[in-house]
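Peer 1: Below you will find the structure I want to go over with you.
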Amino acid sequence: MFLNQFLLFAAVLFSIGVYGVLTRRNGVLVLMSIELILNAVNINLIAFAAYNQDLSGQVFALFIIAVAAAEVGVGLAIVLLIYRNRRSIDITEQNALRG
Amino acid sequence: MITFQTVANPDAFEVPIVEWGALSPLLIMALAPILLVTVSSVVPSFKKASLPTVYTAGAALLSAAVTATLWSDNRLLMDGALTIDRFTLVGWLIIAVGVAAIAMLLDNYIVKQGYFEQIIEWNVLLMISAAGGMIVVAAQDLIVLFVGIEVLSIATYVLVGLHLRKPIAQEAAFKYFILGAVSSGVFAYGIALVYGATGSTYLSEIATSGRNSLGLNPVVDSSLMLVGIALMLGGFAFKVGAAPFHSWTPDVYQGAPTPITAYMASAVKVAAALGFARVMHDAFGEFSVDWQPLVSVLAVLSLVAGSFIGLAQKNLKRILAYSSINHVGFILIAIYALDEGVEALLFYSASYAFTVIGSFGILMMMTQTEPVLAESDDEKMVMIGANKIRNLESADGMTLDDLAGASKRHPLLAGLFAVLLFSQAGVPFTVGFWAKLQAILAAVSVEAYLLAGFAILAAVVAAVLYLRIVVAMYLKSDDSEPARTNYSKLSLIAVVACVLLTVGLGIYPEPLSDLVTNAGS
């Protein structure tokens with residue numbers, strides 16, 4: 001296996017994640033797209049850690065997994081609050097603030 | 001005697017020495033919220049009057065006082081993961097004092113908005129977020145920096161949406177969350193590439209690893225590094241709200257509870273800006289030729305967008321949001337100037353932080369004594385759908401026109417507000433003048449004359465922005481009566497302290513400039 005295979009895979013995953021954030025209208029699917037972005041980072045880190053024979057990349061991947069869990073917890077809570085107030089999680093309806 | 005033998009090879013992992021004394025400001029800020037949440041759940045009577053506020057402000061001021069005792073320290077902590085030097089200490093001081101002021105503003109806000117039951121949560125999240133900010137300022141390692149940024153941001157996402165009955169607060173929280181999470185992802189991707197190119201996450205090792213450590217084709221290697229730097233720069237630019245990554249700022253600042261807006265505009269922004277400067281200087285100093293043009297473009301765009309788009313705004317919170325984008329332009333100029341700009345960066349951050357806390361604080365106090373809130377319960381109803389949302393907090397919808405007659409309704413607050421606005425505009429005898437002067441001088445000292453020119457131009461345009469508010473308060477005729485003045489004492493103390501600092505340091509800036517000297521070494 002070559003390093004660039006992992007890097008390309010991670011880049012594709014990252015791009016899919018960004019595409020999902022930009023196009024999805026459902027709040028929960030946007031959260032899932034954000035997870036894709038963070039997991040692309042993890043693949044990069046682990047590939048580099050294996051390539052460099054260095055542990056800190058893998059440690060960092062663990063930290064990112066933990067942080068992503070905390071982040072998605074908060075994100076779901078916000079989506080839930082929006083659902084309670086509006087009975088909808090369509091993010092295109094979130095347009096009261098502009099100017 | 002019990003011995004633990006979990007490490008197979010004792011040489012492989014050495015437990016670093018923990019310097020508790022030097023870490024204590026950070027530990028106070030991180031442990032105080034845990035203690036608060038524990039004590040308040042065991043002792044219900046703790047949730048009485050202003051006790052949680054006094055506790056939070058006290059813990060923050062204690063943290064600031066301990067920071068002051070460490071003043072001459074300059075060393076690495078925790079096996080090189082954190083560093084404590086003048087730069088860190090000034091940042092800690094700004095954040096800690098800022099948190100104390102914000103807690104005092106929150107005291108008024110929470111009670112008036114009917115969230116007294118949740119007063120513990122607001123204070124706990126505020127302190128946790130500030131602890132994250134303190135980690136960001138001190139981080140000397142990219143892993144620690146990332147964790148710090150996330151602690152800072154995640155707690156702030158919650159704070160923005162904590163006004164449960166206000167739909168636009170949730171909208172603001174959601175927008176901030178989505179864009180913040182994506183920018184964190186981009187930032188982490190940048191860290192991964194930099195780690196791949198250099199094989200280390202320590203800022204000092206990244207700086208010395210040179211351009212081709214992987215031993216691959218130097219072009220590939222250098223491009224990994226450069227893409228990594230660009231992505232990290234984008235992540236930081238989002239966190240500080242620099243144009244063209246600023247589009248979330250006005251929306252979130254408008255929708256967030258006003259004291260939280262003050263917190264985001266001051267402590268969060270300062271923490272991110274100082275972390276930004278630290279990474280760019282310490283890790284990527286060798287690549288300054290590559291990233292300096294990007295920073296100067298961000299600075300010019302922020303200056304222009306902040307002042308010109310701000311002029312087109314009617315809503316007061318949005319105007320102040322654009323003014324904060326304008327301030328970011330000056331901060332970026334100081335970052336651009338590298339070592340020449342470190343003192344300007346710290347001076348600007350410090351003076352900007354208490355000016356902006358005071359401004360949003362006054363805005364909050366003015367609108368909370370508006371008679372609008374005293375009307376019937378129907379008035380407070382939140383209407384959803386059909387686009388018409390009446391805000392519980394009138395500051396969100398407050399426009400320049402609503403300020404007419406404010407000088408008669410709130411003579412004291414209007415006067416204080418005017419002083420703070422003059423400071424933000426950079427009028428002499430206020431601290432804002434010295435801050436802007438230092439940033440422009442830093443640009444001149446690295447021969448970035450174009451940047452200095454843009455800064456002066458933007459400062460002039462932005463002055464119109466602030467003068468419009470003063471004119472609206474004083475010159476628009478209105479036969480208002482003075483409002484019943486039942487301002488919260490704690491909030492008033494915080495605001496008056498901000499104004500006194502603004503004027504005092506404007507006339508006699510030596511204490512603050514002494515504080516930030518030799519921070520670059």
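Each chain in the structure tokens gets a letter, A, B and so on, in the order shown; residues start at 1 in every chain, and ligands are counted from 1 in the order they appear.
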Write down, as JSON, numbers by chain, each residue of chain A that has any atom within 8 Å of an atom of chain B, counting only C-alpha atoms.

Peer 2: {"A": [18, 30, 31, 34, 37, 38, 40, 41, 44, 45, 48, 49, 52, 54, 56, 57, 60, 63, 67, 70, 71, 74, 75, 78, 79, 81, 82, 85, 86, 94, 95, 96, 97, 98, 99]}

Peer 1: Neighbours of stretch 281-285 of chain B within 12 Å (only C-alpha atoms; same-chain residues fewer than 4 positions away dropped), as number ranges by chain?

Peer 2: B: 83, 139-142, 191, 194-195, 198, 200-211, 225-226, 228-230, 232-233, 274-277, 289-292, 334-342, 520-521

Peer 1: Which distance in Å separates atom CA of B:Leu332 and atom CA of B:Ala299, to one decimal?

Peer 2: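 Between atom CA of B:Leu332 and atom CA of B:Ala299 the gap is 5.3 Å.
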
Peer 1: Per DSSP on the backbone, filter chain A down to the residues in alpha helix (DSSP H) and report them as a PyMOL selection string.

Peer 2: chain A and resi 3-23+27-52+56-86

Peer 1: Enter the distance from atom CA of A:Phe9 to atom CA of A:Ala66, in Å, rounded to one decimal.

Peer 2: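 Going from atom CA of A:Phe9 over to atom CA of A:Ala66, I get 22.2 Å.
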
Peer 1: Nearest residue to B:Val461 out of B:Leu303, B:Met365, B:Leu490, B:Leu421, using only C-alpha atoms?

Peer 2: B:Leu303

Peer 1: Point out the residue among B:Leu437, B:Leu93, B:Ala459, B:Leu467 with the least atom-to-atom distance to B:Gly506, counting only C-alpha atoms.

Peer 2: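 Looking at the shortest contact to B:Gly506, the residue is B:Leu437.
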
Peer 1: Which value, in Å to one decimal, gives the distance between atom CA of B:Thr430 and atom CA of B:Leu412?

Peer 2: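 A separation of 18.3 Å between them.
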
Peer 1: Counting only C-alpha atoms, which residue out of A:Ile46, A:Val28, A:Val21, A:Leu7 sits closest to A:Ser88?

Peer 2: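 Selected residue with least distance to A:Ser88: A:Val28.
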
Peer 1: Using only C-alpha atoms, which of the listed residues (B:Ile333, B:Lys408, B:Val124, B:Val43) sits closest to B:Glu447?

Peer 2: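 Going through B:Ile333, B:Lys408, B:Val124, B:Val43 one by one, the smallest distance to B:Glu447 is for B:Ile333.
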